[in-house]
file run_31.cif (mmCIF, C-alpha atoms)
data_work
#
loop_
_atom_site.label_atom_id
_atom_site.label_comp_id
_atom_site.auth_asym_id
_atom_site.auth_seq_id
_atom_site.Cartn_x
_atom_site.Cartn_y
_atom_site.Cartn_z
CA MET A 12 0.00 0.00 0.00
CA LYS A 13 2.81 2.33 1.00
CA ASN A 14 4.67 1.46 -2.20
CA THR A 15 1.60 2.28 -4.28
CA PHE A 16 1.30 5.70 -2.66
CA THR A 17 4.97 6.39 -3.28
CA ALA A 18 4.64 5.34 -6.93
CA LEU A 19 1.54 7.53 -7.35
CA ALA A 20 3.28 10.51 -5.74
CA LEU A 21 6.29 10.03 -8.01
CA ALA A 22 4.05 9.77 -11.08
CA ALA A 23 2.21 12.95 -10.05
CA ILE A 24 5.50 14.79 -9.66
CA LEU A 25 6.76 13.59 -13.04
CA VAL A 26 3.54 14.56 -14.80
CA GLY A 27 3.63 17.95 -13.07
CA CYS A 28 7.11 18.59 -14.50
CA ASP A 29 5.86 18.64 -18.09
CA THR A 30 5.26 21.99 -19.71
CA PRO A 31 2.17 22.16 -21.90
CA ALA A 32 2.64 23.59 -25.38
CA THR A 33 1.89 27.30 -25.68
CA TYR A 34 2.03 29.86 -28.49
CA LYS A 35 4.98 32.21 -28.50
CA ASP A 36 5.75 35.40 -30.38
CA ALA A 37 8.07 34.36 -33.25
CA ASP A 38 9.93 37.66 -32.73
CA GLY A 39 9.90 37.32 -28.94
CA ARG A 40 12.57 36.29 -26.46
CA GLN A 41 11.03 33.05 -25.20
CA LEU A 42 12.07 30.86 -28.14
CA VAL A 43 14.05 27.63 -27.95
CA VAL A 44 17.77 28.13 -28.55
CA SER A 45 19.18 24.95 -30.13
CA LEU A 46 22.84 24.06 -30.23
CA ASP A 47 22.59 21.60 -33.10
CA LYS A 48 20.47 23.45 -35.63
CA VAL A 49 19.66 26.86 -37.06
CA ASP A 50 16.69 28.26 -35.17
CA ILE A 51 13.99 30.45 -36.63
CA GLN A 52 15.38 33.48 -34.76
CA ASP A 53 18.83 32.84 -36.28
CA PHE A 54 17.38 33.17 -39.78
CA ALA A 55 15.63 36.37 -38.71
CA THR A 56 18.80 37.84 -37.18
CA ALA A 57 20.98 36.93 -40.16
CA GLY A 58 18.37 38.08 -42.66
CA SER A 59 17.75 41.46 -41.08
CA THR A 60 21.47 42.15 -40.54
CA MET A 61 22.22 41.33 -44.16
CA LEU A 62 19.26 43.32 -45.45
CA GLN A 63 20.48 46.39 -43.55
CA SER A 64 23.94 45.95 -45.01
CA MET A 65 22.71 45.42 -48.56
CA VAL A 66 20.48 48.49 -48.72
CA THR A 67 23.35 50.72 -47.59
CA SER A 68 25.76 49.37 -50.20
CA PRO A 69 26.75 51.98 -52.83
CA ALA A 70 25.95 49.65 -55.75
CA PHE A 71 22.41 49.03 -54.52
CA ASN A 72 21.82 52.72 -53.96
CA ARG A 73 23.17 53.59 -57.43
CA ALA A 74 20.78 51.15 -59.10
CA GLY A 75 17.86 53.53 -59.32
CA ALA A 76 14.37 53.49 -57.89
CA ASN A 77 13.42 49.82 -58.05
CA PRO A 78 15.90 47.49 -59.72
CA VAL A 79 14.96 43.98 -60.79
CA LEU A 80 16.30 41.31 -58.44
CA GLN A 81 16.51 37.61 -59.16
CA VAL A 82 17.25 35.01 -56.53
CA GLY A 83 20.08 32.67 -57.48
CA GLN A 84 21.25 29.54 -55.76
CA ILE A 85 21.47 29.50 -51.97
CA THR A 86 23.31 26.37 -50.84
CA ASN A 87 22.65 24.75 -47.49
CA ASP A 88 26.00 23.25 -46.54
CA THR A 89 25.06 22.47 -42.93
CA GLY A 90 24.31 19.07 -41.44
CA THR A 91 20.62 19.84 -40.98
CA ASN A 92 17.96 20.01 -43.60
CA PHE A 93 16.02 23.26 -44.02
CA ASP A 94 14.57 25.35 -46.80
CA THR A 95 16.83 28.30 -47.60
CA SER A 96 13.78 30.48 -48.22
CA MET A 97 13.71 30.78 -44.41
CA LEU A 98 16.59 33.22 -44.90
CA LEU A 99 15.75 34.64 -48.31
CA VAL A 100 12.25 35.79 -47.50
CA LYS A 101 13.63 37.86 -44.60
CA ILE A 102 15.56 39.83 -47.20
CA THR A 103 13.32 39.88 -50.25
CA SER A 104 9.95 40.40 -48.57
CA PRO A 105 10.71 43.81 -46.92
CA LEU A 106 12.37 45.00 -50.16
CA VAL A 107 9.44 43.97 -52.37
CA ASN A 108 6.80 45.27 -49.97
CA ALA A 109 8.55 48.63 -49.66
CA GLY A 110 8.79 48.87 -53.46
CA ARG A 111 12.59 48.95 -53.34
CA VAL A 112 13.03 46.05 -55.77
CA ARG A 113 11.01 44.12 -58.32
CA LEU A 114 11.50 40.43 -57.77
CA LEU A 115 11.86 38.35 -60.91
CA GLU A 116 9.92 35.13 -60.45
CA SER A 117 11.13 31.92 -62.03
CA ASP A 118 8.12 29.88 -61.00
CA PRO A 119 7.23 27.34 -63.73
CA VAL A 120 3.53 28.21 -63.67
CA ALA A 121 4.27 31.92 -64.01
CA MET A 122 6.68 31.21 -66.85
CA ALA A 123 4.17 29.02 -68.66
CA ALA A 124 1.48 31.69 -68.30
CA ARG A 125 3.89 34.30 -69.63
CA ASN A 126 4.79 32.17 -72.65
CA ASN A 127 1.11 31.93 -73.50
CA THR A 128 0.57 35.68 -73.17
CA PRO A 129 1.02 37.46 -76.49
CA GLY A 130 3.25 40.53 -76.25
CA ALA A 131 4.44 39.76 -72.74
CA SER A 132 7.84 41.18 -72.01
CA VAL A 133 10.06 40.05 -69.18
CA PRO A 134 12.36 42.54 -67.52
CA VAL A 135 16.02 41.60 -67.31
CA ALA A 136 17.41 41.20 -63.81
CA ASP A 137 19.75 43.96 -62.64
CA PHE A 138 21.00 41.90 -59.72
CA VAL A 139 21.22 38.25 -58.73
CA LEU A 140 21.40 37.30 -55.07
CA LYS A 141 23.27 34.10 -54.28
CA GLY A 142 24.74 32.57 -51.17
CA LYS A 143 25.73 29.76 -48.91
CA ILE A 144 25.00 28.64 -45.35
CA LEU A 145 27.78 26.77 -43.54
CA GLU A 146 28.38 25.46 -40.04
CA ASP A 147 31.29 24.95 -37.69
CA ARG A 148 31.16 22.94 -34.47
CA ALA A 149 33.57 22.87 -31.53
CA LYS A 150 33.53 21.24 -28.10
CA SER A 151 35.38 21.76 -24.84
CA GLY A 152 34.48 19.31 -22.10
CA SER A 153 30.71 19.26 -21.94
CA THR A 154 30.39 22.72 -23.53
CA LYS A 155 29.31 22.61 -27.14
CA GLN A 156 29.62 25.49 -29.59
CA SER A 157 28.00 25.74 -32.97
CA SER A 158 28.48 28.56 -35.45
CA PHE A 159 26.29 29.02 -38.48
CA VAL A 160 27.80 31.13 -41.22
CA PHE A 161 25.46 32.96 -43.61
CA GLN A 162 27.18 34.26 -46.75
CA LEU A 163 25.42 36.30 -49.39
CA THR A 164 26.66 37.93 -52.59
CA LEU A 165 24.88 40.43 -54.81
CA VAL A 166 25.98 40.14 -58.43
CA GLU A 167 25.43 42.94 -60.90
CA VAL A 168 24.16 41.20 -64.05
CA LYS A 169 25.48 43.59 -66.69
CA THR A 170 29.06 43.34 -65.41
CA SER A 171 28.94 39.93 -63.65
CA LEU A 172 30.73 41.60 -60.77
CA ALA A 173 30.00 40.98 -57.12
CA VAL A 174 28.97 44.42 -55.91
CA TRP A 175 28.08 43.49 -52.32
CA GLN A 176 29.07 40.64 -50.07
CA GLN A 177 28.24 39.98 -46.46
CA GLU A 178 28.92 37.27 -43.93
CA LYS A 179 26.94 36.95 -40.72
CA ILE A 180 28.01 34.39 -38.14
CA VAL A 181 25.56 33.24 -35.48
CA THR A 182 27.39 31.45 -32.65
CA LYS A 183 25.67 29.54 -29.84
CA GLN A 184 27.43 27.94 -26.87
CA GLY A 185 26.24 25.82 -23.98
CA THR A 186 25.79 22.32 -22.65
CA MET A 187 22.16 21.89 -23.69
CA ASN A 188 19.35 23.62 -25.54
CA SER A 189 17.58 26.35 -23.60
CA ILE A 190 14.65 28.73 -23.82
CA GLY A 191 15.03 32.44 -24.43
CA PHE A 192 17.90 34.82 -23.94
CA MET B 30 53.29 29.10 8.13
CA LYS B 31 50.42 31.33 9.19
CA THR B 32 51.62 34.09 6.81
CA ASN B 33 51.86 31.59 3.96
CA LEU B 34 48.31 30.46 4.58
CA SER B 35 47.06 34.05 4.65
CA LEU B 36 48.88 34.77 1.38
CA LEU B 37 47.42 31.67 -0.22
CA ALA B 38 43.94 32.64 0.93
CA LEU B 39 44.42 36.16 -0.50
CA VAL B 40 45.66 34.81 -3.86
CA PHE B 41 42.70 32.41 -3.97
CA ALA B 42 40.26 35.19 -3.13
CA LEU B 43 41.71 37.50 -5.80
CA SER B 44 41.82 34.83 -8.51
CA SER B 45 38.18 33.91 -7.98
CA CYS B 46 37.05 37.53 -7.78
CA THR B 47 35.64 37.64 -11.32
CA THR B 48 33.65 34.47 -10.72
CA VAL B 49 32.22 35.92 -7.52
CA ILE B 50 31.12 39.08 -9.31
CA GLU B 51 29.65 37.10 -12.20
CA THR B 52 27.81 34.79 -9.80
CA GLY B 53 26.45 37.85 -7.97
CA ASN B 54 25.33 39.29 -11.31
CA LYS B 55 23.56 36.03 -12.22
CA ILE B 56 21.81 35.88 -8.84
CA GLU B 57 20.71 39.51 -9.20
CA LYS B 58 19.27 38.76 -12.66
CA THR B 59 17.51 35.63 -11.45
CA PHE B 60 15.74 37.33 -8.56
CA SER B 61 14.93 40.64 -10.22
CA PRO B 62 11.67 41.23 -12.12
CA PRO B 63 11.55 40.34 -15.83
CA ASP B 64 13.56 42.74 -17.95
CA ALA B 65 11.57 45.57 -19.43
CA VAL B 66 12.13 46.91 -22.92
CA ASN B 67 13.88 50.27 -23.17
CA TYR B 68 13.39 52.71 -26.03
CA VAL B 69 15.38 55.43 -27.72
CA THR B 70 13.47 57.51 -30.28
CA THR B 71 15.01 60.02 -32.65
CA LYS B 72 13.54 63.51 -32.89
CA PRO B 73 13.10 65.76 -35.94
CA ASP B 74 15.59 68.29 -34.47
CA GLY B 75 18.38 65.65 -34.54
CA GLY B 76 18.23 64.76 -30.84
CA PHE B 77 16.79 61.67 -29.21
CA THR B 78 14.44 60.73 -26.38
CA PRO B 79 15.42 57.81 -24.14
CA GLN B 80 12.75 55.87 -22.27
CA ILE B 81 14.43 53.66 -19.68
CA ASN B 82 12.06 51.08 -18.20
CA ASP B 83 14.72 48.74 -16.80
CA GLN B 84 16.83 51.01 -14.59
CA ARG B 85 19.20 48.20 -13.62
CA PHE B 86 20.12 47.77 -17.28
CA GLY B 87 19.98 51.49 -17.98
CA ASP B 88 22.70 52.08 -15.39
CA LYS B 89 25.03 49.72 -17.24
CA ILE B 90 24.41 50.57 -20.89
CA GLN B 91 24.89 54.14 -22.02
CA MET B 92 23.53 55.74 -25.19
CA LEU B 93 26.36 58.00 -26.32
CA ALA B 94 25.17 59.44 -29.61
CA VAL B 95 22.58 59.17 -32.33
CA ARG B 96 23.34 60.19 -35.91
CA LYS B 97 20.69 60.61 -38.57
CA SER B 98 21.42 60.91 -42.30
CA LYS B 99 19.68 60.50 -45.64
CA LEU B 100 20.95 57.93 -48.14
CA ALA B 101 21.18 58.44 -51.90
CA SER B 102 17.97 56.42 -52.21
CA GLY B 103 16.13 59.09 -50.20
CA CYS B 104 15.68 56.80 -47.19
CA MET B 105 16.86 57.58 -43.68
CA GLN B 106 19.73 55.91 -41.87
CA VAL B 107 20.19 56.20 -38.11
CA GLN B 108 23.22 55.08 -36.13
CA PHE B 109 23.04 54.56 -32.38
CA ASP B 110 26.29 54.44 -30.36
CA LEU B 111 25.94 52.23 -27.26
CA ARG B 112 28.57 51.66 -24.58
CA ASN B 113 28.81 49.06 -21.86
CA GLY B 114 29.73 51.20 -18.87
CA SER B 115 29.78 48.32 -16.37
CA TYR B 116 32.62 46.09 -15.18
CA LEU B 117 30.98 42.96 -16.59
CA GLY B 118 30.19 41.82 -20.09
CA GLN B 119 26.60 42.61 -21.10
CA THR B 120 24.49 41.29 -23.93
CA VAL B 121 22.34 43.87 -25.63
CA ASN B 122 19.39 42.82 -27.77
CA VAL B 123 18.04 45.40 -30.17
CA SER B 124 15.24 45.74 -32.68
CA PHE B 125 13.67 48.83 -34.18
CA GLU B 126 10.63 50.45 -35.68
CA TRP B 127 10.39 53.33 -38.13
CA LEU B 128 7.87 56.10 -37.67
CA GLY B 129 6.35 58.46 -40.21
CA ALA B 130 6.06 62.23 -39.77
CA ASP B 131 2.64 61.75 -38.14
CA GLY B 132 4.04 59.24 -35.62
CA SER B 133 2.52 56.14 -37.18
CA ILE B 134 4.62 53.01 -37.60
CA THR B 135 5.74 52.66 -41.20
CA GLU B 136 8.22 49.77 -40.89
CA ARG B 137 9.15 47.27 -38.25
CA GLN B 138 12.09 44.99 -37.75
CA GLY B 139 10.71 43.00 -34.88
CA ASN B 140 13.28 40.27 -34.28
CA TRP B 141 15.92 40.81 -31.61
CA MET B 142 19.50 41.16 -32.79
CA THR B 143 21.97 40.08 -30.14
CA THR B 144 25.19 42.00 -29.51
CA PRO B 145 27.56 40.86 -26.74
CA LEU B 146 29.49 43.81 -25.31
CA GLU B 147 32.74 43.51 -23.35
CA PRO B 148 33.18 45.87 -20.36
CA GLY B 149 33.77 49.38 -21.69
CA ALA B 150 33.08 48.30 -25.28
CA LEU B 151 31.31 50.50 -27.79
CA THR B 152 29.00 49.32 -30.54
CA THR B 153 27.16 51.11 -33.31
CA ILE B 154 23.70 49.90 -34.24
CA THR B 155 22.71 50.94 -37.76
CA ALA B 156 19.09 51.09 -38.82
CA VAL B 157 18.17 51.79 -42.42
CA ALA B 158 14.66 52.62 -43.58
CA LEU B 159 13.31 51.05 -46.74
CA LYS B 160 10.56 53.58 -47.31
CA PRO B 161 11.14 57.31 -47.89
CA GLU B 162 8.17 58.17 -45.64
CA SER B 163 9.99 56.70 -42.60
CA THR B 164 11.47 59.70 -40.85
CA GLU B 165 12.16 58.77 -37.21
CA CYS B 166 13.56 55.58 -35.71
CA ARG B 167 12.58 53.97 -32.41
CA LEU B 168 15.27 51.62 -31.13
CA ARG B 169 14.15 48.89 -28.70
CA VAL B 170 16.83 47.69 -26.29
CA LEU B 171 16.55 44.67 -24.01
CA ALA B 172 19.02 43.00 -21.64
CA SER B 173 19.78 39.28 -21.75
CA ARG B 174 18.97 37.28 -18.64
#

call {"tool": "encode", "arguments": {"input": "run_31.cif", "output": "structure tokens"}}
result
Amino acid sequence: MKNTFTALALAAILVGCDTPATYKDADGRQLVVSLDKVDIQDFATAGSTMLQSMVTSPAFNRAGANPVLQVGQITNDTGTNFDTSMLLVKITSPLVNAGRVRLLESDPVAMAARNNTPGASVPVADFVLKGKILEDRAKSGSTKQSSFVFQLTLVEVKTSLAVWQQEKIVTKQGTMNSIGF
Amino acid sequence: MKTNLSLLALVFALSSCTTVIETGNKIEKTFSPPDAVNYVTTKPDGGFTPQINDQRFGDKIQMLAVRKSKLASGCMQVQFDLRNGSYLGQTVNVSFEWLGADGSITERQGNWMTTPLEPGALTTITAVALKPESTECRLRVLASR
């Protein structure tokens, strides 16, 4: 009988330790910080830092009111699988919505529709945005460190020259994943 | 022998001083209320208005200068110079909003950007508007726990 009570008490304690799932602000400070993967806030940080850098670059400012931008290849060279649009949209969406660039779509449906539209003309891209995401891991005792390197290059189409380049490194260190900062 | 022991104790106390201060800092953070967001808003006359809601953090991080300029694209750029005036490393998290001439929010960069600051270190936060109608910038500053 005593053993049963002890087991029940233990079970109650264990159940009480669980945290029920709740909604969090994706821009807030209570997000999970993972050591082994790129978190959603890492994409946001890298994207906004790179966007700020790109819009202040002389080449981008010389390009006129709303240049045509095409997204090139963004390579995920990390050990985890994710869609690179997690980073790209952080850069292209504010630019498109503010009318700072016109984004050239290469969607097959859009291209097919265009081919069937008599007299349709496609603007030529002024810039192509390409990049790479890399990772570096290190360990000292039980402390793990992971760095995710975001590299982007803006290529001017008419000259094929890289007119802007930026690298943003997000480094996380600890013994286990945590919540918030 | 007694002198040697006292010397050893002193050396030990001095060498672990940083850890003691850092532990004290961690305890203070743990037991203090949740960190409030602080704001610095630029003004049309070139100055800025600070709104410090977390005094404990406000005592450590100083806003030295704010510079406002217009880019060739016609959009505003604001640079905020922050300094860690404390004896411990601090982590500053910033995000910002852009306001129009009528005070309404025109753009928002909501995610927190983390900047670790060594004691005495300076950092410059640059905010660039994407829309010409964005005239003033409101920087949001938050301490790390």

call {"tool": "resolve_selection", "arguments": {"input": "run_31.cif", "expression": "the PyMOL selection byres ((chain A) within 9 of (chain B))", "output": "PDB file with C-alpha atoms, keeping the file's coordinate frame"}}
result
ATOM      1  CA  ALA A  37       8.070  34.360 -33.250  1.00  0.00           C
ATOM      2  CA  ASP A  38       9.930  37.660 -32.730  1.00  0.00           C
ATOM      3  CA  GLY A  39       9.900  37.320 -28.940  1.00  0.00           C
ATOM      4  CA  ARG A  40      12.570  36.290 -26.460  1.00  0.00           C
ATOM      5  CA  GLN A  52      15.380  33.480 -34.760  1.00  0.00           C
ATOM      6  CA  ALA A  55      15.630  36.370 -38.710  1.00  0.00           C
ATOM      7  CA  THR A  56      18.800  37.840 -37.180  1.00  0.00           C
ATOM      8  CA  ALA A  57      20.980  36.930 -40.160  1.00  0.00           C
ATOM      9  CA  SER A  59      17.750  41.460 -41.080  1.00  0.00           C
ATOM     10  CA  THR A  60      21.470  42.150 -40.540  1.00  0.00           C
ATOM     11  CA  GLN A  63      20.480  46.390 -43.550  1.00  0.00           C
ATOM     12  CA  SER A  64      23.940  45.950 -45.010  1.00  0.00           C
ATOM     13  CA  VAL A  66      20.480  48.490 -48.720  1.00  0.00           C
ATOM     14  CA  THR A  67      23.350  50.720 -47.590  1.00  0.00           C
ATOM     15  CA  PRO A  69      26.750  51.980 -52.830  1.00  0.00           C
ATOM     16  CA  PHE A  71      22.410  49.030 -54.520  1.00  0.00           C
ATOM     17  CA  ASN A  72      21.820  52.720 -53.960  1.00  0.00           C
ATOM     18  CA  ARG A  73      23.170  53.590 -57.430  1.00  0.00           C
ATOM     19  CA  GLY A  75      17.860  53.530 -59.320  1.00  0.00           C
ATOM     20  CA  ALA A  76      14.370  53.490 -57.890  1.00  0.00           C
ATOM     21  CA  PRO A 105      10.710  43.810 -46.920  1.00  0.00           C
ATOM     22  CA  LEU A 106      12.370  45.000 -50.160  1.00  0.00           C
ATOM     23  CA  ALA A 109       8.550  48.630 -49.660  1.00  0.00           C
ATOM     24  CA  GLY A 110       8.790  48.870 -53.460  1.00  0.00           C
ATOM     25  CA  ARG A 111      12.590  48.950 -53.340  1.00  0.00           C
ATOM     26  CA  GLY A 191      15.030  32.440 -24.430  1.00  0.00           C
ATOM     27  CA  PHE A 192      17.900  34.820 -23.940  1.00  0.00           C
TER      28      PHE A 192
END

call {"tool": "residues_around", "arguments": {"input": "run_31.cif", "residues": "B:Leu128", "least_positions_apart": "4", "cutoff": "7 Å", "atoms": "only C-alpha atoms", "output": "list in words"}}
result
Gly132, Ser133, Ile134, Thr135, Ser163, Thr164, Glu165 and Cys166 of chain B

call {"tool": "residues_around", "arguments": {"input": "run_31.cif", "residues": "A:Thr95", "least_positions_apart": "2", "cutoff": "12 Å", "atoms": "only C-alpha atoms", "output": "list in words"}}
result
Val49, Ile51, Phe54, Gly58, Val82, Gly83, Gln84, Ile85, Thr86, Asn87, Asp88, Thr89, Thr91, Asn92, Phe93, Met97, Leu98, Leu99, Val100, Lys101, Ile102, Lys141, Gly142, Lys143, Ile144, Leu145, Phe161, Gln162 and Leu163 of chain A

call {"tool": "atom_distance", "arguments": {"input": "run_31.cif", "atom1": "atom CA of A:Gly185", "atom2": "atom CA of B:Asn67"}}
result
27.4 Å

call {"tool": "atom_distance", "arguments": {"input": "run_31.cif", "atom1": "atom CA of B:Tyr116", "atom2": "atom CA of B:Gly149"}}
result
7.4 Å

call {"tool": "resolve_selection", "arguments": {"input": "run_31.cif", "expression": "the PyMOL selection byres ((chain A and resi 138) around 6)", "output": "list in words"}}
result
Leu80, Ala136, Asp137, Val139, Val166, Glu167 and Val168 of chain A

call {"tool": "residues_around", "arguments": {"input": "run_31.cif", "residues": "A:Ile190", "least_positions_apart": "6", "cutoff": "6 Å", "atoms": "only C-alpha atoms", "output": "PyMOL selection string"}}
result
chain A and resi 41-44

call {"tool": "atom_distance", "arguments": {"input": "run_31.cif", "atom1": "atom CA of A:Val181", "atom2": "atom CA of B:Ile90"}}
result
22.7 Å

call {"tool": "resolve_selection", "arguments": {"input": "run_31.cif", "expression": "the PyMOL selection byres ((chain A and resi 150-159) around 6)", "output": "PDB file with C-alpha atoms, keeping the file's coordinate frame"}}
result
ATOM      1  CA  LEU A 145      27.780  26.770 -43.540  1.00  0.00           C
ATOM      2  CA  GLU A 146      28.380  25.460 -40.040  1.00  0.00           C
ATOM      3  CA  ASP A 147      31.290  24.950 -37.690  1.00  0.00           C
ATOM      4  CA  ARG A 148      31.160  22.940 -34.470  1.00  0.00           C
ATOM      5  CA  ALA A 149      33.570  22.870 -31.530  1.00  0.00           C
ATOM      6  CA  VAL A 160      27.800  31.130 -41.220  1.00  0.00           C
ATOM      7  CA  ILE A 180      28.010  34.390 -38.140  1.00  0.00           C
ATOM      8  CA  VAL A 181      25.560  33.240 -35.480  1.00  0.00           C
ATOM      9  CA  THR A 182      27.390  31.450 -32.650  1.00  0.00           C
ATOM     10  CA  LYS A 183      25.670  29.540 -29.840  1.00  0.00           C
ATOM     11  CA  GLN A 184      27.430  27.940 -26.870  1.00  0.00           C
ATOM     12  CA  GLY A 185      26.240  25.820 -23.980  1.00  0.00           C
ATOM     13  CA  THR A 186      25.790  22.320 -22.650  1.00  0.00           C
TER      14      THR A 186
END
